[in-house]
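Source file: start.txt. Holds: compact mmCIF, C-alpha atoms and all ligand atoms.
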# COMPACT_ATOMS: atom_id res chain seq x y z
CA MET A 22 35.47 35.12 -53.13
CA LYS A 23 32.87 36.47 -50.80
CA ASN A 24 30.28 34.24 -52.44
CA ILE A 25 32.41 31.14 -51.99
CA LYS A 26 32.92 31.90 -48.31
CA MET A 27 29.21 32.30 -47.87
CA LEU A 28 28.55 29.04 -49.69
CA VAL A 29 31.03 27.21 -47.43
CA ALA A 30 29.41 28.68 -44.36
CA LEU A 31 25.99 27.71 -45.63
CA LEU A 32 27.11 24.15 -46.36
CA ALA A 33 28.71 23.89 -42.94
CA ALA A 34 25.49 25.03 -41.31
CA LEU A 35 23.51 22.56 -43.38
CA CYS A 36 25.82 19.72 -42.39
CA LEU A 37 25.42 20.62 -38.73
CA VAL A 38 21.66 20.65 -39.00
CA LEU A 39 21.67 17.32 -40.77
CA ALA A 40 24.15 15.80 -38.36
CA VAL A 41 22.21 16.90 -35.31
CA GLY A 42 18.89 16.05 -36.84
CA CYS A 43 19.84 12.61 -38.07
CA SER A 44 22.35 11.18 -35.69
CA LYS A 45 21.26 12.39 -32.25
CA PRO A 46 19.40 9.55 -30.58
CA ALA A 47 16.59 10.26 -28.14
CA ALA A 48 18.00 10.69 -24.65
CA PRO A 49 17.97 7.17 -23.15
CA ALA A 50 16.96 8.40 -19.68
CA ALA A 51 13.82 10.04 -21.02
CA ALA A 52 12.81 6.97 -22.98
CA GLY A 53 13.48 4.53 -20.12
CA THR A 54 11.92 6.33 -17.17
CA PRO A 55 8.71 8.04 -18.25
CA THR A 56 6.85 7.57 -14.96
CA VAL A 57 9.81 8.42 -12.76
CA ASP A 58 10.52 11.52 -14.85
CA LYS A 59 6.89 12.61 -14.50
CA ILE A 60 7.03 12.23 -10.72
CA LYS A 61 10.30 14.17 -10.58
CA ALA A 62 8.84 16.93 -12.74
CA ALA A 63 5.79 17.13 -10.47
CA GLY A 64 8.10 17.25 -7.44
CA LYS A 65 5.86 14.92 -5.45
CA LEU A 66 5.02 11.25 -5.01
CA ILE A 67 1.36 10.61 -4.22
CA MET A 68 0.60 7.75 -1.82
CA LEU A 69 -2.98 6.47 -1.62
CA THR A 70 -3.89 4.80 1.65
CA ASN A 71 -6.59 4.23 4.27
CA ALA A 72 -5.39 5.59 7.57
CA GLY A 73 -7.34 3.34 9.94
CA PHE A 74 -4.85 0.52 10.01
CA ALA A 75 -2.31 0.96 12.81
CA PRO A 76 0.61 0.35 12.89
CA TYR A 77 0.84 0.61 9.08
CA GLU A 78 -1.14 3.84 8.63
CA PHE A 79 -3.08 5.78 11.22
CA LEU A 80 -3.65 9.33 12.40
CA GLY A 81 -0.88 10.37 14.78
CA ALA A 82 -1.10 12.72 17.72
CA ASP A 83 -0.96 15.74 15.37
CA ASN A 84 -3.72 14.24 13.20
CA SER A 85 -1.44 13.63 10.23
CA VAL A 86 -1.08 10.18 8.67
CA THR A 87 1.79 8.22 10.17
CA GLY A 88 3.01 4.61 10.40
CA VAL A 89 5.18 1.94 8.80
CA ASP A 90 3.82 2.45 5.27
CA VAL A 91 4.36 6.22 5.54
CA GLU A 92 8.02 5.60 6.45
CA ILE A 93 8.37 3.29 3.45
CA ALA A 94 6.73 5.76 1.05
CA GLN A 95 8.88 8.55 2.51
CA ALA A 96 12.01 6.51 1.76
CA ILE A 97 10.81 6.01 -1.83
CA ALA A 98 10.06 9.74 -2.20
CA GLU A 99 13.52 10.58 -0.84
CA SER A 100 15.20 8.24 -3.30
CA LEU A 101 13.35 10.07 -6.08
CA GLY A 102 14.25 13.46 -4.59
CA VAL A 103 10.60 14.55 -4.26
CA LYS A 104 8.21 15.24 -1.41
CA LEU A 105 5.57 12.77 -0.27
CA GLU A 106 1.87 13.62 -0.50
CA ILE A 107 -0.62 11.32 1.24
CA VAL A 108 -4.25 10.86 0.22
CA ASP A 109 -6.46 9.11 2.79
CA MET A 110 -9.38 7.30 1.17
CA ASP A 111 -11.67 4.26 1.51
CA PHE A 112 -9.62 1.08 1.32
CA ASP A 113 -11.82 -0.51 -1.31
CA SER A 114 -11.24 2.46 -3.67
CA ILE A 115 -7.44 2.33 -3.61
CA VAL A 116 -6.81 -0.29 -6.30
CA PHE A 117 -8.99 1.53 -8.84
CA ALA A 118 -7.65 4.94 -7.86
CA VAL A 119 -4.12 3.66 -8.49
CA GLN A 120 -5.18 2.17 -11.82
CA SER A 121 -6.77 5.42 -12.96
CA GLY A 122 -3.75 7.50 -11.95
CA LYS A 123 -5.22 9.35 -8.93
CA GLY A 124 -1.94 8.62 -7.20
CA ASP A 125 1.39 6.93 -7.87
CA LEU A 126 1.41 4.22 -5.21
CA GLY A 127 -1.15 2.34 -3.16
CA VAL A 128 0.64 1.77 0.15
CA ALA A 129 -1.94 0.43 2.55
CA GLY A 130 -0.93 -2.85 4.16
CA MET A 131 -2.37 -4.19 0.94
CA THR A 132 -2.27 -7.93 0.43
CA ASN A 133 -0.81 -9.00 -2.90
CA THR A 134 -3.65 -11.07 -4.40
CA GLU A 135 -4.16 -12.59 -7.84
CA GLU A 136 -7.50 -10.80 -8.09
CA ARG A 137 -5.89 -7.38 -7.55
CA GLN A 138 -3.08 -8.27 -9.98
CA LYS A 139 -5.70 -8.15 -12.73
CA THR A 140 -6.02 -4.41 -12.10
CA VAL A 141 -2.63 -3.24 -10.77
CA ASP A 142 1.01 -4.30 -10.63
CA PHE A 143 2.61 -5.04 -7.28
CA SER A 144 6.09 -4.39 -5.93
CA ILE A 145 8.02 -7.17 -4.24
CA ASN A 146 6.33 -8.32 -1.04
CA TYR A 147 7.46 -6.55 2.13
CA VAL A 148 5.46 -8.06 5.04
CA ASP A 149 4.15 -11.54 5.86
CA THR A 150 0.97 -11.75 7.90
CA VAL A 151 -2.22 -13.74 8.59
CA GLN A 152 -5.86 -12.92 9.30
CA LYS A 153 -6.71 -13.00 13.01
CA ILE A 154 -9.90 -13.18 15.05
CA ILE A 155 -10.88 -10.72 17.80
CA VAL A 156 -13.67 -11.73 20.20
CA PRO A 157 -15.22 -10.42 23.42
CA GLU A 158 -13.74 -11.85 26.61
CA GLY A 159 -15.45 -15.13 27.51
CA SER A 160 -16.62 -15.79 23.94
CA THR A 161 -17.30 -19.38 22.94
CA ILE A 162 -15.40 -18.72 19.70
CA THR A 163 -11.92 -20.19 20.04
CA GLY A 164 -10.93 -20.62 16.39
CA PRO A 165 -12.12 -20.26 12.81
CA ALA A 166 -14.40 -23.33 12.95
CA ASP A 167 -16.53 -21.58 15.60
CA LEU A 168 -17.21 -18.61 13.30
CA ALA A 169 -19.87 -20.52 11.32
CA GLY A 170 -23.25 -18.80 11.51
CA LYS A 171 -21.85 -15.88 13.54
CA THR A 172 -22.04 -12.12 13.00
CA ILE A 173 -18.59 -11.10 11.84
CA GLY A 174 -17.29 -7.55 11.44
CA VAL A 175 -14.71 -6.78 8.75
CA GLN A 176 -13.25 -3.81 6.91
CA MET A 177 -15.03 -3.52 3.57
CA GLY A 178 -13.15 -4.90 0.56
CA THR A 179 -10.31 -6.46 2.53
CA THR A 180 -9.00 -10.01 2.54
CA GLY A 181 -10.71 -10.39 5.95
CA ASP A 182 -13.99 -9.50 4.22
CA LEU A 183 -13.29 -12.09 1.50
CA PHE A 184 -12.50 -14.76 4.09
CA ALA A 185 -15.66 -14.13 6.13
CA THR A 186 -17.83 -13.87 3.01
CA ASP A 187 -16.47 -16.82 1.04
CA GLU A 188 -15.14 -19.22 3.62
CA VAL A 189 -17.30 -19.01 6.72
CA GLU A 190 -20.41 -21.11 6.53
CA GLY A 191 -23.58 -19.06 7.13
CA ALA A 192 -21.78 -15.97 8.38
CA ASN A 193 -23.62 -12.68 8.73
CA VAL A 194 -20.86 -10.35 7.51
CA GLN A 195 -21.01 -6.71 8.64
CA ARG A 196 -18.75 -4.41 6.60
CA TYR A 197 -17.23 -1.24 8.05
CA LYS A 198 -15.17 1.63 6.63
CA THR A 199 -12.27 0.84 8.96
CA GLY A 200 -11.10 -1.95 11.24
CA PRO A 201 -11.36 0.25 14.36
CA ASP A 202 -15.04 0.95 13.46
CA ALA A 203 -15.64 -2.81 13.45
CA GLY A 204 -13.72 -3.12 16.73
CA ALA A 205 -15.92 -0.48 18.38
CA GLU A 206 -19.06 -2.36 17.30
CA LEU A 207 -17.63 -5.59 18.68
CA ALA A 208 -16.84 -3.87 21.99
CA ALA A 209 -20.41 -2.50 22.01
CA GLY A 210 -21.74 -6.08 21.83
CA LYS A 211 -23.14 -5.81 18.30
CA LEU A 212 -20.86 -8.43 16.72
CA ASP A 213 -19.58 -11.88 17.64
CA ALA A 214 -16.10 -11.43 16.16
CA VAL A 215 -13.93 -9.24 13.95
CA VAL A 216 -11.52 -10.68 11.37
CA ILE A 217 -8.59 -8.50 10.33
CA ASP A 218 -4.82 -8.64 9.72
CA ALA A 219 -2.64 -9.64 12.69
CA ALA A 220 -0.97 -6.33 13.65
CA PRO A 221 -4.10 -4.14 13.38
CA ALA A 222 -6.01 -6.90 15.22
CA ALA A 223 -3.59 -6.63 18.16
CA GLN A 224 -4.04 -2.85 18.12
CA ILE A 225 -7.84 -3.08 18.13
CA ALA A 226 -7.84 -5.67 20.94
CA GLY A 227 -5.41 -3.48 22.89
CA ALA A 228 -7.49 -0.34 22.42
CA ASN A 229 -10.82 -1.82 23.54
CA ALA A 230 -11.32 -3.13 27.08
CA GLY A 231 -13.05 -6.49 27.03
CA LEU A 232 -11.74 -7.64 23.66
CA VAL A 233 -9.21 -10.42 23.18
CA LEU A 234 -7.19 -11.66 20.25
CA LEU A 235 -7.27 -15.39 19.52
CA ASP A 236 -3.91 -17.09 18.99
CA THR A 237 -5.23 -19.35 16.23
CA PRO A 238 -5.31 -17.42 12.96
CA ALA A 239 -8.49 -17.24 10.90
CA THR A 240 -6.76 -18.71 7.86
CA ALA A 241 -3.87 -21.12 7.57
CA GLU A 242 -2.76 -19.28 4.40
CA PRO A 243 -0.30 -16.45 5.08
CA GLU A 244 -0.64 -13.16 3.15
CA GLN A 245 2.00 -10.77 1.87
CA TYR A 246 1.82 -6.99 1.65
CA ALA A 247 3.05 -5.22 -1.46
CA ILE A 248 2.82 -1.74 -2.98
CA ALA A 249 0.31 -1.27 -5.81
CA MET A 250 1.13 0.68 -8.99
CA ALA A 251 -0.66 1.28 -12.27
CA LYS A 252 0.15 -1.49 -14.73
CA GLY A 253 3.29 -1.30 -16.85
CA LYS A 254 5.15 1.38 -14.86
CA GLU A 255 8.35 -0.66 -14.99
CA ASP A 256 10.67 2.25 -14.20
CA LEU A 257 8.73 3.18 -11.07
CA LYS A 258 8.51 -0.47 -10.01
CA ALA A 259 12.30 -0.79 -10.30
CA VAL A 260 12.79 2.16 -7.91
CA VAL A 261 10.14 0.92 -5.46
CA ASP A 262 11.54 -2.63 -5.44
CA SER A 263 15.11 -1.49 -4.88
CA VAL A 264 14.10 0.76 -1.97
CA LEU A 265 12.05 -2.07 -0.43
CA GLU A 266 14.90 -4.56 -0.86
CA LYS A 267 17.25 -2.19 0.94
CA LEU A 268 14.78 -1.47 3.78
CA ILE A 269 14.13 -5.19 4.28
CA ALA A 270 17.87 -6.04 4.22
CA GLU A 271 18.59 -3.32 6.78
CA GLY A 272 15.82 -4.55 9.10
CA LYS A 273 14.10 -1.16 8.85
CA ILE A 274 10.60 -2.47 8.24
CA GLN A 275 10.68 -4.68 11.34
CA ALA A 276 12.11 -1.79 13.38
CA TRP A 277 9.31 0.53 12.20
CA LEU A 278 6.72 -2.16 13.01
CA ASP A 279 7.99 -2.35 16.59
CA GLU A 280 8.17 1.45 16.86
CA TYR A 281 4.69 2.19 15.46
CA ASN A 282 3.07 -0.69 17.34
CA GLU A 283 4.17 1.03 20.52
CA ILE A 284 3.26 4.55 19.39
CA ALA A 285 -0.23 3.47 18.26
CA LEU A 286 -0.93 1.47 21.44
CA ALA A 287 0.07 4.43 23.61
CA GLN A 288 -2.26 6.80 21.74
N1 LIG B 301 -4.36 -6.70 4.07
C1 LIG B 301 -5.77 -6.52 3.91
C2 LIG B 301 -6.11 -6.40 2.45
O1 LIG B 301 -5.28 -6.11 1.66
C3 LIG B 301 -6.29 -5.31 4.67
C4 LIG B 301 -5.67 -4.02 4.33
C5 LIG B 301 -6.36 -2.82 4.94
N2 LIG B 301 -5.53 -1.68 4.85
C6 LIG B 301 -5.84 -0.43 5.27
N3 LIG B 301 -4.98 0.50 5.12
N4 LIG B 301 -6.97 -0.22 5.84
O2 LIG B 301 -7.19 -6.58 2.03

Please render this file's structure as structure tokens.
Amino acid sequence: MKNIKMLVALLAALCLVLAVGCSKPAAPAAAGTPTVDKIKAAGKLIMLTNAGFAPYEFLGADNSVTGVDVEIAQAIAESLGVKLEIVDMDFDSIVFAVQSGKGDLGVAGMTNTEERQKTVDFSINYVDTVQKIIVPEGSTITGPADLAGKTIGVQMGTTGDLFATDEVEGANVQRYKTGPDAGAELAAGKLDAVVIDAAPAAQIAGANAGLVLLDTPATAEPEQYAIAMAKGKEDLKAVVDSVLEKLIAEGKIQAWLDEYNEIALAQ
């Protein structure tokens, strides 16, 4: 009798092991969200940026990185329930740093280009802009056609750099680490013009006496900003896109642009 009871118990245990072992599918959440789960486990979302690009990212009064892109990344971090960590680096290193996993997101007023899409994936676009031209007061340059043969300052590795290098006949292109560095050189009389995105261009012109922003853009082609991620992180992209969609629909991005344009100009 005792033996039979033991046998039954043993069989029951065996059945349980088999049942659990064979029929329990892998948890769907774990399989579907590997990148998001990793970020949640780490407790932080790492944003790679270049903080010389007001109003999108710049050093605030307390010397920490602030701006429109920081607000956006903060909203993404909040939706993931983690804290935001910001790494400030050279702009032309961001795409490769994102690709190699040095951070989760490249949020840097980064234009969504086909060339960059070969290396990283982009979120939905969140800002429309154009390249603009800054010149010294009284300059003979009044539009892009006048840039031919001139000394043009740009931020290294940006779409402004590409424009000046590839599309301006005979330009002497001077590349700087940040847009404000180029602006300072222009104000010091060492350049004929600076080409950079519209909002930072207005900031640079506003911060340097004697510089003016031309109304006519450098390029007719508009550009769109998007957030860069390592390729194939579909679960992370879904979160980023849904946060961006919500922020755009609520008018938050435009409101932050207005707010940080003012804050940066007053600094
Ligand atoms: N939109 C331009 C580009 O993608 C310039 C971006 C510069 N951004 C920055 N954070 N410095 O090339």

At most 10 Å is the cut-off: for each residue in chain A with any atom that close to an atom of ligand LIG 301 (chain B), write down the nearest atom pair and the distance in Å rounded to one decimal, counting all atoms listed in the file, chain first then increasing number, as a Markdown table.
| residue | atom | partner | partner_atom | distance |
| --- | --- | --- | --- | --- |
| A:Leu69 | CA | B:LIG301 | N3 | 9.2 |
| A:Thr70 | CA | B:LIG301 | N3 | 5.6 |
| A:Asn71 | CA | B:LIG301 | N3 | 4.2 |
| A:Ala72 | CA | B:LIG301 | N3 | 5.7 |
| A:Gly73 | CA | B:LIG301 | N4 | 5.4 |
| A:Phe74 | CA | B:LIG301 | N4 | 4.7 |
| A:Ala75 | CA | B:LIG301 | N3 | 8.2 |
| A:Pro76 | CA | B:LIG301 | N3 | 9.6 |
| A:Tyr77 | CA | B:LIG301 | N3 | 7.0 |
| A:Glu78 | CA | B:LIG301 | N3 | 6.2 |
| A:Phe79 | CA | B:LIG301 | N3 | 8.3 |
| A:Asp90 | CA | B:LIG301 | N3 | 9.0 |
| A:Asp109 | CA | B:LIG301 | N3 | 9.0 |
| A:Met110 | CA | B:LIG301 | N3 | 9.0 |
| A:Asp111 | CA | B:LIG301 | N4 | 7.8 |
| A:Phe112 | CA | B:LIG301 | N4 | 5.4 |
| A:Asp113 | CA | B:LIG301 | O2 | 8.3 |
| A:Ile115 | CA | B:LIG301 | N3 | 9.3 |
| A:Val116 | CA | B:LIG301 | O1 | 10.0 |
| A:Gly127 | CA | B:LIG301 | N3 | 9.3 |
| A:Val128 | CA | B:LIG301 | N3 | 7.6 |
| A:Ala129 | CA | B:LIG301 | N3 | 4.0 |
| A:Gly130 | CA | B:LIG301 | N2 | 4.8 |
| A:Met131 | CA | B:LIG301 | O1 | 3.6 |
| A:Thr132 | CA | B:LIG301 | O1 | 3.7 |
| A:Asn133 | CA | B:LIG301 | O1 | 7.0 |
| A:Thr134 | CA | B:LIG301 | O1 | 8.0 |
| A:Arg137 | CA | B:LIG301 | O1 | 9.3 |
| A:Val148 | CA | B:LIG301 | N1 | 10.0 |
| A:Asp149 | CA | B:LIG301 | N1 | 10.0 |
| A:Thr150 | CA | B:LIG301 | N1 | 8.3 |
| A:Val151 | CA | B:LIG301 | N1 | 8.6 |
| A:Gln152 | CA | B:LIG301 | N1 | 8.3 |
| A:Val175 | CA | B:LIG301 | C3 | 9.5 |
| A:Gln176 | CA | B:LIG301 | C5 | 7.2 |
| A:Met177 | CA | B:LIG301 | O2 | 8.6 |
| A:Gly178 | CA | B:LIG301 | O2 | 6.4 |
| A:Thr179 | CA | B:LIG301 | O2 | 3.2 |
| A:Thr180 | CA | B:LIG301 | O2 | 3.9 |
| A:Gly181 | CA | B:LIG301 | O2 | 6.5 |
| A:Asp182 | CA | B:LIG301 | O2 | 7.7 |
| A:Leu183 | CA | B:LIG301 | O2 | 8.2 |
| A:Phe184 | CA | B:LIG301 | O2 | 10.0 |
| A:Lys198 | CA | B:LIG301 | N4 | 8.4 |
| A:Thr199 | CA | B:LIG301 | N4 | 6.2 |
| A:Gly200 | CA | B:LIG301 | N4 | 7.0 |
| A:Pro201 | CA | B:LIG301 | N4 | 9.6 |
| A:Ile217 | CA | B:LIG301 | C3 | 6.9 |
| A:Asp218 | CA | B:LIG301 | N1 | 6.0 |
| A:Ala219 | CA | B:LIG301 | N1 | 9.3 |
| A:Pro221 | CA | B:LIG301 | C5 | 8.8 |
| A:Glu244 | CA | B:LIG301 | N1 | 7.5 |
| A:Gln245 | CA | B:LIG301 | N1 | 7.9 |
| A:Tyr246 | CA | B:LIG301 | N1 | 6.6 |
| A:Ala247 | CA | B:LIG301 | O1 | 8.9 |

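For the atom pair formed by atom CA of Glu271 of chain A and atom CA of Val91 of chain A, the distance is 17.2 Å, given to one decimal.
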
Would you write out, as CSV, a table of all residues in segment 76-163 of chain A that have an atom no more than 12 Å from an atom of segment 207-212 of chain A, listing for each the closest atom pair and the distance in Å to one decimal, considering only C-alpha atoms and ordering rows by chain and rising residue number?
residue,atom,partner,partner_atom,distance
A:Ile154,CA,A:Leu207,CA,11.4
A:Ile155,CA,A:Leu207,CA,8.5
A:Val156,CA,A:Leu207,CA,7.5
A:Pro157,CA,A:Ala208,CA,6.9
A:Glu158,CA,A:Ala208,CA,9.7
A:Ser160,CA,A:Leu212,CA,11.1

| remark: Atom pair atom CA of Gln275 of chain A + atom CA of Ala98 of chain A, distance 19.8 Å

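The list of residues with at least one atom within 10 Å of Asp125 of chain A, based on only C-alpha atoms and without residues fewer than 4 positions apart in the same chain, reads Thr56, Val57, Ile60, Lys65, Leu66, Ile67, Met68, Leu69, Glu106, Ala118, Val119, Gln120, Ser121, Ala249, Met250, Ala251, Lys254 and Leu257 of chain A.
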
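Shortest atom-to-atom contact with Asp58 of chain A among A:Ile93, A:Ile269, A:Val260, A:Ala223: A:Val260, counting only C-alpha atoms.
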
| Got a sec: who's within 10 Å of Val261 of chain A, counting all atoms listed in the file, leaving out chain neighbours fewer than 4 positions off, as a ChimeraX atom specification? | /A:93-94,96-98,100-101,126,143-145,248,250,255-257,265-266

| said: Just the number, please: distance in Å from atom CA of Glu135 of chain A to atom CA of Ser114 of chain A, one decimal. | reply: 17.1 Å
